[in-house]
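S.K.: File run-v2.cif follows (mmCIF, C-alpha atoms and all ligand atoms):
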```
data_run
loop_
_atom_site.label_atom_id
_atom_site.label_comp_id
_atom_site.auth_asym_id
_atom_site.auth_seq_id
_atom_site.Cartn_x
_atom_site.Cartn_y
_atom_site.Cartn_z
CA MET A 1 73.82 112.21 69.41
CA ARG A 2 77.14 113.65 68.26
CA ALA A 3 79.00 111.67 65.61
CA VAL A 4 81.32 111.79 62.64
CA PHE A 5 79.36 110.88 59.51
CA TYR A 6 79.27 111.11 55.71
CA GLU A 7 76.38 111.16 53.25
CA SER A 8 78.26 110.08 50.11
CA PHE A 9 81.53 108.31 49.33
CA GLY A 10 84.63 110.45 48.87
CA GLY A 11 87.80 111.80 50.50
CA THR A 12 88.00 113.48 53.90
CA GLU A 13 86.00 116.43 52.51
CA VAL A 14 82.82 114.32 52.92
CA LEU A 15 83.36 113.94 56.69
CA GLN A 16 81.03 115.95 58.91
CA VAL A 17 80.74 116.22 62.68
CA GLY A 18 77.26 116.83 64.04
CA GLU A 19 74.00 115.33 65.24
CA VAL A 20 72.68 111.97 63.96
CA SER A 21 69.92 109.73 65.31
CA GLU A 22 70.78 107.25 68.06
CA PRO A 23 70.95 103.59 67.03
CA LYS A 24 68.18 101.20 68.12
CA ILE A 25 69.04 98.37 70.49
CA GLY A 26 68.35 94.97 68.89
CA PRO A 27 67.68 91.76 70.86
CA ASP A 28 71.31 90.59 71.02
CA THR A 29 72.69 94.11 71.15
CA VAL A 30 74.26 96.36 73.75
CA LEU A 31 74.14 100.15 73.61
CA VAL A 32 77.61 101.42 74.45
CA ARG A 33 78.50 104.96 75.48
CA CYS A 34 81.67 105.21 73.37
CA ARG A 35 84.69 106.66 75.14
CA ALA A 36 87.31 105.85 72.49
CA THR A 37 87.77 104.36 69.06
CA SER A 38 90.70 104.16 66.66
CA VAL A 39 91.48 104.72 62.99
CA ASN A 40 92.06 101.68 60.82
CA PRO A 41 92.78 101.92 57.06
CA VAL A 42 89.49 100.10 56.38
CA ASP A 43 87.59 103.12 57.78
CA TRP A 44 88.77 105.43 54.99
CA LYS A 45 88.70 102.63 52.39
CA ILE A 46 84.96 102.27 53.11
CA MET A 47 84.56 106.08 53.05
CA LYS A 48 86.13 106.17 49.59
CA GLY A 49 83.72 103.48 48.36
CA PHE A 50 86.40 100.81 47.89
CA LEU A 51 84.26 98.15 49.65
CA ASP A 52 80.97 99.18 48.03
CA SER A 53 80.76 95.99 45.95
CA ARG A 54 80.99 93.87 49.11
CA MET A 55 79.14 95.77 51.86
CA ASP A 56 75.91 97.74 51.87
CA ALA A 57 76.32 101.31 53.05
CA VAL A 58 73.28 103.01 54.58
CA PHE A 59 73.79 106.79 54.54
CA PRO A 60 74.52 108.72 56.62
CA VAL A 61 77.39 106.38 57.49
CA VAL A 62 79.08 106.76 60.87
CA PRO A 63 82.54 105.19 60.40
CA GLY A 64 84.47 102.99 62.81
CA TRP A 65 84.64 99.41 64.04
CA ASP A 66 86.92 99.77 67.11
CA LEU A 67 85.30 100.62 70.40
CA ALA A 68 85.90 101.04 74.13
CA GLY A 69 83.20 102.37 76.39
CA VAL A 70 80.53 101.77 79.03
CA VAL A 71 77.33 99.75 78.63
CA GLU A 72 74.36 102.13 78.73
CA ALA A 73 71.54 99.67 78.02
CA VAL A 74 71.11 96.04 76.92
CA GLY A 75 68.75 94.27 74.49
CA PRO A 76 66.08 91.87 75.80
CA SER A 77 68.06 88.65 75.28
CA VAL A 78 71.39 89.92 76.60
CA GLU A 79 72.70 88.19 79.74
CA GLU A 80 76.45 88.69 79.30
CA PHE A 81 76.59 92.41 80.21
CA GLU A 82 74.74 94.92 82.31
CA THR A 83 74.52 98.68 82.55
CA GLY A 84 77.79 100.20 83.75
CA ASP A 85 80.09 97.43 82.49
CA GLU A 86 83.26 98.64 80.80
CA VAL A 87 83.71 96.88 77.45
CA PHE A 88 85.79 96.93 74.30
CA GLY A 89 85.26 95.31 70.94
CA TYR A 90 85.53 95.02 67.19
CA ALA A 91 82.03 96.10 66.25
CA ARG A 92 81.98 94.97 62.62
CA MET A 93 78.71 94.04 61.00
CA ASP A 94 78.07 93.01 57.39
CA TYR A 95 76.87 96.50 56.42
CA VAL A 96 77.92 100.01 57.45
CA HIS A 97 75.62 102.58 59.06
CA HIS A 98 76.00 103.15 62.82
CA GLY A 99 79.76 102.95 63.51
CA THR A 100 81.79 103.80 66.57
CA PHE A 101 82.89 107.41 65.84
CA ALA A 102 79.88 108.51 67.88
CA THR A 103 78.64 109.13 71.42
CA TYR A 104 76.66 105.87 71.30
CA SER A 105 77.01 102.68 69.30
CA ALA A 106 74.67 99.65 69.24
CA VAL A 107 76.93 96.62 69.18
CA PRO A 108 76.19 92.87 68.89
CA VAL A 109 77.20 91.05 72.08
CA ARG A 110 79.30 88.56 70.11
CA THR A 111 81.75 91.37 69.20
CA LEU A 112 82.42 92.56 72.78
CA SER A 113 84.58 91.65 75.73
CA ARG A 114 85.26 93.19 79.13
CA LYS A 115 87.81 96.01 79.03
CA PRO A 116 90.97 95.23 81.02
CA LYS A 117 90.78 97.44 84.13
CA SER A 118 94.46 98.38 83.87
CA LEU A 119 93.98 99.94 80.42
CA SER A 120 92.53 103.37 79.71
CA PHE A 121 89.61 103.62 77.28
CA GLU A 122 92.00 104.94 74.63
CA GLU A 123 94.43 102.06 75.14
CA ALA A 124 91.65 99.47 74.99
CA GLY A 125 90.01 101.17 72.01
CA VAL A 126 93.02 100.79 69.72
CA ILE A 127 93.39 97.05 70.30
CA PRO A 128 90.40 95.18 68.83
CA LEU A 129 90.62 95.33 65.01
CA ALA A 130 94.40 95.45 64.65
CA GLY A 131 95.07 93.17 67.64
CA LEU A 132 92.59 90.53 66.47
CA THR A 133 94.06 90.65 62.96
CA ALA A 134 97.53 90.03 64.34
CA TYR A 135 96.35 87.31 66.73
CA GLN A 136 94.18 85.44 64.24
CA GLY A 137 96.86 85.59 61.53
CA LEU A 138 99.69 84.32 63.72
CA VAL A 139 97.80 81.88 65.98
CA HIS A 140 94.91 80.51 63.90
CA HIS A 141 96.25 80.73 60.36
CA LEU A 142 100.04 80.52 60.59
CA LYS A 143 100.06 78.49 63.82
CA VAL A 144 103.41 79.99 64.85
CA ARG A 145 105.40 77.83 67.27
CA THR A 146 108.25 78.48 69.65
CA ASP A 147 111.74 78.89 68.16
CA GLU A 148 110.39 79.58 64.67
CA THR A 149 111.47 82.61 62.66
CA VAL A 150 108.60 84.85 61.53
CA LEU A 151 108.86 87.58 58.90
CA ILE A 152 106.30 90.39 59.20
CA SER A 153 105.95 93.03 56.47
CA GLY A 154 104.85 96.47 57.69
CA GLY A 155 106.06 95.93 61.26
CA ALA A 156 105.76 99.56 62.41
CA GLY A 157 102.07 99.99 61.45
CA GLY A 158 98.91 99.42 63.46
CA VAL A 159 98.69 95.67 62.89
CA GLY A 160 102.48 95.29 62.82
CA VAL A 161 103.08 96.53 66.37
CA PHE A 162 100.65 93.93 67.73
CA ALA A 163 101.90 91.19 65.39
CA ILE A 164 105.51 91.63 66.51
CA GLN A 165 104.55 91.48 70.19
CA ILE A 166 102.23 88.47 69.78
CA ALA A 167 104.80 86.52 67.71
CA LEU A 168 107.35 87.13 70.49
CA THR A 169 104.94 85.79 73.12
CA LEU A 170 104.62 82.66 70.97
CA GLY A 171 108.38 82.20 71.33
CA ALA A 172 109.32 83.17 67.78
CA LYS A 173 112.24 85.20 66.49
CA VAL A 174 110.73 88.13 64.58
CA VAL A 175 112.14 89.94 61.56
CA ALA A 176 110.00 92.87 60.38
CA THR A 177 110.14 95.18 57.37
CA CYS A 178 109.77 98.94 57.84
CA SER A 179 111.21 102.26 56.68
CA PRO A 180 114.72 103.00 58.00
CA SER A 181 113.22 105.81 60.12
CA ASN A 182 111.29 103.12 62.02
CA PHE A 183 114.23 100.75 62.62
CA ASP A 184 114.75 101.87 66.24
CA PHE A 185 111.01 101.70 66.94
CA VAL A 186 110.78 98.14 65.58
CA ARG A 187 113.90 97.17 67.55
CA SER A 188 112.29 98.56 70.71
CA LEU A 189 109.37 96.17 70.15
CA GLY A 190 111.80 93.24 70.09
CA ALA A 191 112.03 92.52 66.35
CA VAL A 192 114.95 92.70 63.92
CA PRO A 193 114.19 95.46 61.37
CA VAL A 194 114.92 95.07 57.65
CA PRO A 195 114.03 97.50 54.85
CA TYR A 196 111.33 96.72 52.30
CA GLY A 197 112.05 97.34 48.60
CA ALA A 198 115.74 97.90 47.73
CA GLY A 199 118.09 95.99 50.00
CA PHE A 200 115.39 93.69 51.42
CA GLU A 201 116.84 90.37 50.26
CA GLU A 202 120.41 91.22 51.30
CA ALA A 203 119.27 92.40 54.74
CA LEU A 204 117.08 89.33 55.23
CA ASN A 205 119.94 87.02 54.24
CA GLU A 206 122.16 88.69 56.81
CA GLU A 207 119.63 88.16 59.58
CA ILE A 208 118.50 84.58 59.01
CA ASP A 209 120.40 81.40 58.32
CA GLU A 210 117.78 78.88 57.26
CA GLY A 211 114.89 80.86 55.78
CA VAL A 212 111.74 81.82 57.62
CA HIS A 213 109.12 79.42 58.91
CA ALA A 214 106.19 81.82 58.58
CA PHE A 215 105.61 85.02 56.61
CA PHE A 216 102.81 87.34 57.78
CA ASP A 217 102.18 89.88 55.04
CA LEU A 218 100.56 93.15 56.12
CA TYR A 219 101.19 95.05 52.91
CA GLY A 220 100.70 92.94 49.77
CA GLY A 221 101.72 94.08 46.29
CA ASP A 222 105.40 94.52 45.65
CA GLY A 223 106.33 93.73 49.23
CA LEU A 224 104.80 90.30 48.87
CA LEU A 225 106.34 89.54 45.51
CA SER A 226 109.84 90.65 46.45
CA GLY A 227 109.87 88.02 49.18
CA ARG A 228 108.56 85.31 46.93
CA ASP A 229 111.70 83.44 45.88
CA HIS A 230 112.90 83.39 49.42
CA LEU A 231 109.75 82.39 51.14
CA PHE A 232 107.10 80.52 49.28
CA ASP A 233 108.96 77.25 48.84
CA LYS A 234 109.28 76.56 52.54
CA ALA A 235 107.39 79.11 54.63
CA ARG A 236 103.76 79.13 55.71
CA VAL A 237 102.32 82.37 54.39
CA ALA A 238 99.33 84.53 55.35
CA SER A 239 98.33 87.94 54.03
CA VAL A 240 95.81 90.47 55.32
CA ALA A 241 96.25 92.61 52.22
CA ASP A 242 96.27 90.31 49.20
CA PRO A 243 93.51 87.70 48.59
CA GLY A 244 95.67 86.44 45.68
CA ILE A 245 97.81 84.74 48.29
CA ARG A 246 95.39 81.80 48.17
CA GLU A 247 96.49 81.00 44.61
CA LEU A 248 100.04 80.70 45.96
CA GLY A 249 98.94 78.26 48.68
CA GLY A 250 98.76 80.82 51.49
CA HIS A 251 95.98 82.03 53.79
CA TYR A 252 94.05 85.25 53.24
CA VAL A 253 93.10 86.70 56.63
CA PHE A 254 89.96 88.82 56.98
CA VAL A 255 89.67 89.55 60.68
CA ARG A 256 86.53 88.30 62.45
CA PRO A 257 84.93 89.56 65.67
CA SER A 258 85.73 87.07 68.44
CA LYS A 259 85.12 87.45 72.16
CA GLU A 260 87.47 84.53 72.88
CA ASP A 261 90.36 86.05 70.92
CA LEU A 262 89.72 89.46 72.53
CA ASP A 263 89.99 87.79 75.94
CA GLU A 264 93.39 86.37 74.93
CA LEU A 265 94.51 89.88 73.94
CA SER A 266 93.22 91.22 77.28
CA THR A 267 95.31 88.67 79.14
CA LEU A 268 98.44 89.65 77.20
CA ALA A 269 97.76 93.34 77.83
CA ILE A 270 97.20 92.77 81.57
CA GLN A 271 100.50 90.84 81.71
CA GLY A 272 102.27 93.76 80.01
CA LEU A 273 103.08 91.64 76.95
CA LEU A 274 100.91 93.69 74.58
CA GLN A 275 101.55 97.42 74.56
CA THR A 276 99.27 99.69 72.59
CA LYS A 277 101.84 102.05 71.04
CA ILE A 278 99.50 104.99 70.51
CA GLU A 279 101.47 107.38 68.31
CA HIS A 280 98.80 110.08 68.07
CA SER A 281 95.63 110.78 69.98
CA PHE A 282 92.82 112.85 68.43
CA GLU A 283 89.46 114.28 69.49
CA LEU A 284 86.35 113.27 67.53
CA ASP A 285 86.25 116.50 65.51
CA GLN A 286 89.88 115.94 64.44
CA THR A 287 88.86 112.79 62.55
CA PRO A 288 89.67 114.24 59.08
CA GLU A 289 93.24 114.92 60.25
CA ALA A 290 93.50 111.42 61.70
CA PHE A 291 92.21 109.84 58.47
CA GLU A 292 94.71 111.89 56.42
CA LEU A 293 97.56 110.62 58.59
CA SER A 294 96.40 107.03 58.14
CA MET A 295 96.02 107.59 54.38
CA SER A 296 99.70 108.60 54.18
CA GLY A 297 100.46 104.87 54.50
CA HIS A 298 103.22 105.57 57.03
CA ALA A 299 101.43 106.14 60.32
CA ARG A 300 103.45 104.52 63.11
CA GLY A 301 101.64 102.40 65.70
CA LYS A 302 98.01 103.19 66.43
CA LEU A 303 95.91 106.36 66.03
CA ALA A 304 93.43 106.80 68.90
CA ILE A 305 90.25 108.88 68.90
CA SER A 306 88.89 109.92 72.28
CA ILE A 307 85.17 110.68 72.57
CA ALA A 308 84.26 113.21 75.25
N1 LIG B 401 92.16 91.73 55.96
C1 LIG B 401 92.00 92.22 57.18
O1 LIG B 401 91.23 91.70 58.01
C2 LIG B 401 92.80 93.43 57.60
C3 LIG B 401 92.82 93.80 58.95
C4 LIG B 401 93.60 94.89 59.34
C5 LIG B 401 94.31 95.60 58.37
N2 LIG B 401 94.23 95.22 57.07
C6 LIG B 401 95.01 95.94 56.04
O2 LIG B 401 96.38 95.74 56.35
C7 LIG B 401 97.14 96.87 55.99
C8 LIG B 401 97.93 97.35 57.19
O3 LIG B 401 97.04 97.81 58.19
P1 LIG B 401 97.59 98.73 59.36
O4 LIG B 401 96.47 99.07 60.25
O5 LIG B 401 98.81 98.12 59.95
O6 LIG B 401 98.04 100.01 58.51
P2 LIG B 401 98.97 101.25 58.92
O7 LIG B 401 98.93 101.42 60.39
O8 LIG B 401 98.55 102.37 58.06
O9 LIG B 401 100.44 100.80 58.55
C9 LIG B 401 100.86 100.77 57.22
C10 LIG B 401 102.26 100.19 57.20
O10 LIG B 401 102.60 99.91 55.83
C11 LIG B 401 104.01 100.02 55.74
N3 LIG B 401 104.40 100.18 54.35
C12 LIG B 401 104.26 101.29 53.56
N4 LIG B 401 104.75 101.02 52.34
C13 LIG B 401 105.22 99.73 52.35
C14 LIG B 401 105.84 98.88 51.38
N5 LIG B 401 106.08 99.32 50.13
N6 LIG B 401 106.16 97.63 51.75
C15 LIG B 401 105.91 97.17 53.02
N7 LIG B 401 105.33 97.93 53.98
C16 LIG B 401 105.00 99.20 53.64
C17 LIG B 401 104.33 101.24 56.58
O11 LIG B 401 105.67 101.10 57.02
P3 LIG B 401 106.68 102.37 57.22
O12 LIG B 401 105.85 103.47 57.84
O13 LIG B 401 107.73 101.83 58.13
O14 LIG B 401 107.18 102.74 55.86
C18 LIG B 401 103.33 101.12 57.74
O15 LIG B 401 103.93 100.49 58.85
C19 LIG B 401 96.11 97.90 55.45
O16 LIG B 401 96.06 97.78 54.04
C20 LIG B 401 94.81 97.44 56.07
O17 LIG B 401 93.68 97.85 55.34
C21 LIG B 401 93.50 94.16 56.66
#
```
Once you've parsed the file, please lay out its structure as structure tokens.

M.R.:
Amino acid sequence: MRAVFYESFGGTEVLQVGEVSEPKIGPDTVLVRCRATSVNPVDWKIMKGFLDSRMDAVFPVVPGWDLAGVVEAVGPSVEEFETGDEVFGYARMDYVHHGTFATYSAVPVRTLSRKPKSLSFEEAGVIPLAGLTAYQGLVHHLKVRTDETVLISGGAGGVGVFAIQIALTLGAKVVATCSPSNFDFVRSLGAVPVPYGAGFEEALNEEIDEGVHAFFDLYGGDGLLSGRDHLFDKARVASVADPGIRELGGHYVFVRPSKEDLDELSTLAIQGLLQTKIEHSFELDQTPEAFELSMSGHARGKLAISIA
């Protein structure tokens, strides 16, 4: 089958597009004909070997954890899906080998849900990883409630666009950091934009009267520390980027596959409350270009990959 793959860790120069063997279908597994996937920073972090101490990589590695497609075949114990079903999912396993940047992917049932009919494959394929991260951070970890003020760092990125929209559906007021060039974009999502770095504290003070109730950090590092005086005394804090947050009493979020949470995201998308904000759409053989854009650290919204 046709796939993007690499045979050693490295930069985008290790990416190849060509033929690899089809994955086998395990007992609790569904073979999906992939129609779309998306780029998440973790895809190129794994490619560069940054997660090598935590996850086994079996070369050749086909990257990708996001997926939207059609069920082609099911394993012997699968009752949830049948051939022809349209599905989407966050197909993460505890090792990397057969990812979703491919014509076919063998995916555990527990990672899949039914694709909302009103969404295209591309739209559905950009939701799972970033959408689940946003949902699990805001709902399960921060437990955001109506009328609270939520600060989100990195509001214009892949996770940020979903986090802003989900926090609004929870009834929160949302303030989000981004580059000045993304202020209008973040406003259009319904959040109040503030800059990160220089001017952050002044801008935040202008926008909020009584501090924030919850801080969802999507960047870590300096962004996290610059908010510290303001936030840590009173706010509930969660970070997807900095495990050190636990030492400060916050939650570290590492997104988990969840059919139930995906169904919640489907419902929001069907109601028009969760828009996918695809900034760029690529073909499979344009994956190096898509990874480079993600590696710039300033991609806006989501990057979709369509699989012919
Ligand atoms: N732990 C987990 O389960 C999990 C899950 C998903 C993602 N993540 C991680 O979360 C991060 C964000 O993911 P993503 O998909 O949203 O990435 P992305 O789409 O590449 O977005 C990156 C964002 O970072 C912002 N940014 C750049 N420099 C910044 C700074 N100094 N301070 C604050 N924000 C800054 C950019 O904003 P501007 O363009 O406006 O400058 C951009 O919106 C990545 O590191 C990713 O690996 C972790």

S.K.: If you measure from atom CA of Ile166 of chain A to atom CA of Val144 of chain A, what distance in Å do you get, rounded to one decimal?

M.R.: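 Between atom CA of Ile166 of chain A and atom CA of Val144 of chain A the gap is 9.9 Å.
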
S.K.: If I take atom CA of Gly155 of chain A and atom CA of Glu289 of chain A, how far is one from the other in Å, to one decimal?

M.R.: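 Interatomic distance, atom CA of Gly155 of chain A to atom CA of Glu289 of chain A: 22.9 Å.
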
S.K.: Residues of chain A that have any atom at most 6 Å from an atom of ligand LIG 401 (chain B): could you tabulate them with the shortest-distance atom pair and the distance in Å to one decimal, using all atoms listed in the file, ordered by chain and increasing number, as a tab-separated table?

M.R.:
```
residue	atom	partner	partner_atom	distance
A:Asn40	CA	B:LIG401	O4	5.2
A:Pro41	CA	B:LIG401	O17	4.5
A:Val42	CA	B:LIG401	O17	4.9
A:Ala130	CA	B:LIG401	C4	5.4
A:Thr133	CA	B:LIG401	C3	5.2
A:Ser153	CA	B:LIG401	C15	5.4
A:Gly154	CA	B:LIG401	N7	4.0
A:Gly155	CA	B:LIG401	O15	5.6
A:Ala156	CA	B:LIG401	O15	4.1
A:Gly157	CA	B:LIG401	O15	3.2
A:Gly158	CA	B:LIG401	O7	3.7
A:Val159	CA	B:LIG401	O5	3.8
A:Gly160	CA	B:LIG401	O5	5.5
A:Cys178	CA	B:LIG401	O13	3.5
A:Ser179	CA	B:LIG401	O13	3.8
A:Asn182	CA	B:LIG401	O13	5.4
A:Tyr196	CA	B:LIG401	N6	5.3
A:Leu218	CA	B:LIG401	O2	4.9
A:Tyr219	CA	B:LIG401	N7	5.2
A:Gly223	CA	B:LIG401	N6	4.6
A:Val240	CA	B:LIG401	N1	3.9
A:Ala241	CA	B:LIG401	O2	5.2
A:Val253	CA	B:LIG401	N1	5.2
A:Phe254	CA	B:LIG401	O1	3.3
A:Val255	CA	B:LIG401	O1	3.8
A:Ser294	CA	B:LIG401	O8	5.1
A:Gly297	CA	B:LIG401	O8	4.8
A:His298	CA	B:LIG401	O12	3.5
A:Ala299	CA	B:LIG401	O8	5.3
A:Arg300	CA	B:LIG401	O15	5.9
```

S.K.: Restricting the calculation to only C-alpha atoms, which member of A:Gly301, A:Gly10, A:Gly89, A:Gly84 is positioned closest to His280 of chain A?

M.R.: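 Ranking A:Gly301, A:Gly10, A:Gly89, A:Gly84 by distance to His280 of chain A, first place goes to A:Gly301.
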
S.K.: Fewer than 6 positions away in the same chain doesn't count, so skip those; otherwise give me all residues within 8 Å of Gly171 of chain A, counting all atoms listed in the file, as an MDAnalysis selection string.

M.R.: chainID A and resid 145:148

S.K.: Give as a list in words the set of residues within 10 Å of the point (72.4, 90.7, 71.6), where distances use the file's coordinates and only C-alpha atoms.

M.R.: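 Result, sorted by chain then residue number: Ile25, Gly26, Pro27, Asp28, Thr29, Val30, Leu31, Val74, Gly75, Pro76, Ser77, Val78, Glu79, Glu80, Phe81, Ala106, Val107, Pro108, Val109, Arg110 and Thr111 of chain A.
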
S.K.: Output the selection as a CSV table (one decimal), keeping the file's coordinate frame - C-alpha atoms for each residue.

M.R.:
```csv
chain,number,residue,atom,x,y,z
A,25,ILE,CA,69.0,98.4,70.5
A,26,GLY,CA,68.4,95.0,68.9
A,27,PRO,CA,67.7,91.8,70.9
A,28,ASP,CA,71.3,90.6,71.0
A,29,THR,CA,72.7,94.1,71.2
A,30,VAL,CA,74.3,96.4,73.8
A,31,LEU,CA,74.1,100.2,73.6
A,74,VAL,CA,71.1,96.0,76.9
A,75,GLY,CA,68.8,94.3,74.5
A,76,PRO,CA,66.1,91.9,75.8
A,77,SER,CA,68.1,88.6,75.3
A,78,VAL,CA,71.4,89.9,76.6
A,79,GLU,CA,72.7,88.2,79.7
A,80,GLU,CA,76.4,88.7,79.3
A,81,PHE,CA,76.6,92.4,80.2
A,106,ALA,CA,74.7,99.6,69.2
A,107,VAL,CA,76.9,96.6,69.2
A,108,PRO,CA,76.2,92.9,68.9
A,109,VAL,CA,77.2,91.0,72.1
A,110,ARG,CA,79.3,88.6,70.1
A,111,THR,CA,81.8,91.4,69.2
```

S.K.: Using only C-alpha atoms for the distances, tell me which of A:Pro288, A:Gly250, A:Gly69, A:Gly11 is nearest to Thr83 of chain A.

M.R.: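 Using only C-alpha atoms, the shortest distance to Thr83 of chain A belongs to A:Gly69.
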
S.K.: What is the atom CA of Thr103 of chain A-atom CA of Glu292 of chain A distance in Å, reported with one decimal?

M.R.: 22.2 Å

S.K.: Restricting the calculation to all atoms listed in the file, which member of A:Gly64, A:Glu122, A:Asp263, A:Ser8 is positioned closest to Phe282 of chain A?

M.R.: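 Closest residue, counting all atoms listed in the file: A:Glu122.
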
S.K.: In terms of the shortest atom-to-atom distance over all atoms listed in the file, which of A:Asp94, A:Asp242, A:Asp85, A:Glu22 is closest to Asp52 of chain A?

M.R.: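 Residue with the minimum atom-to-atom distance to Asp52 of chain A: A:Asp94.
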
S.K.: Need the axis-aligned box for segment 24-38 of chain A with 3 Å each side, so what are the centre and edges in Å to one decimal, as JSON?

M.R.:
```
{"center_x": 79.2, "center_y": 98.6, "center_z": 71.1, "size_x": 29.0, "size_y": 22.1, "size_z": 14.8}
```

S.K.: With distances taken over only C-alpha atoms, which of A:Pro63, A:Pro116, A:Gly125, A:Gly220 is nearest to Tyr95 of chain A?

M.R.: A:Pro63

S.K.: Determine, counting all atoms listed in the file, every residue of protein, DNA or RNA that lies within 7 Å of (103.0, 88.9, 57.9) in the file coordinates, then give the result as a count of residues only.

M.R.: 9

S.K.: Nearest to Phe9 of chain A: which of A:His140, A:Lys48, A:Arg35, A:Arg236 is it, counting only C-alpha atoms?

M.R.: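 So, comparing all the options, the nearest one is A:Lys48.
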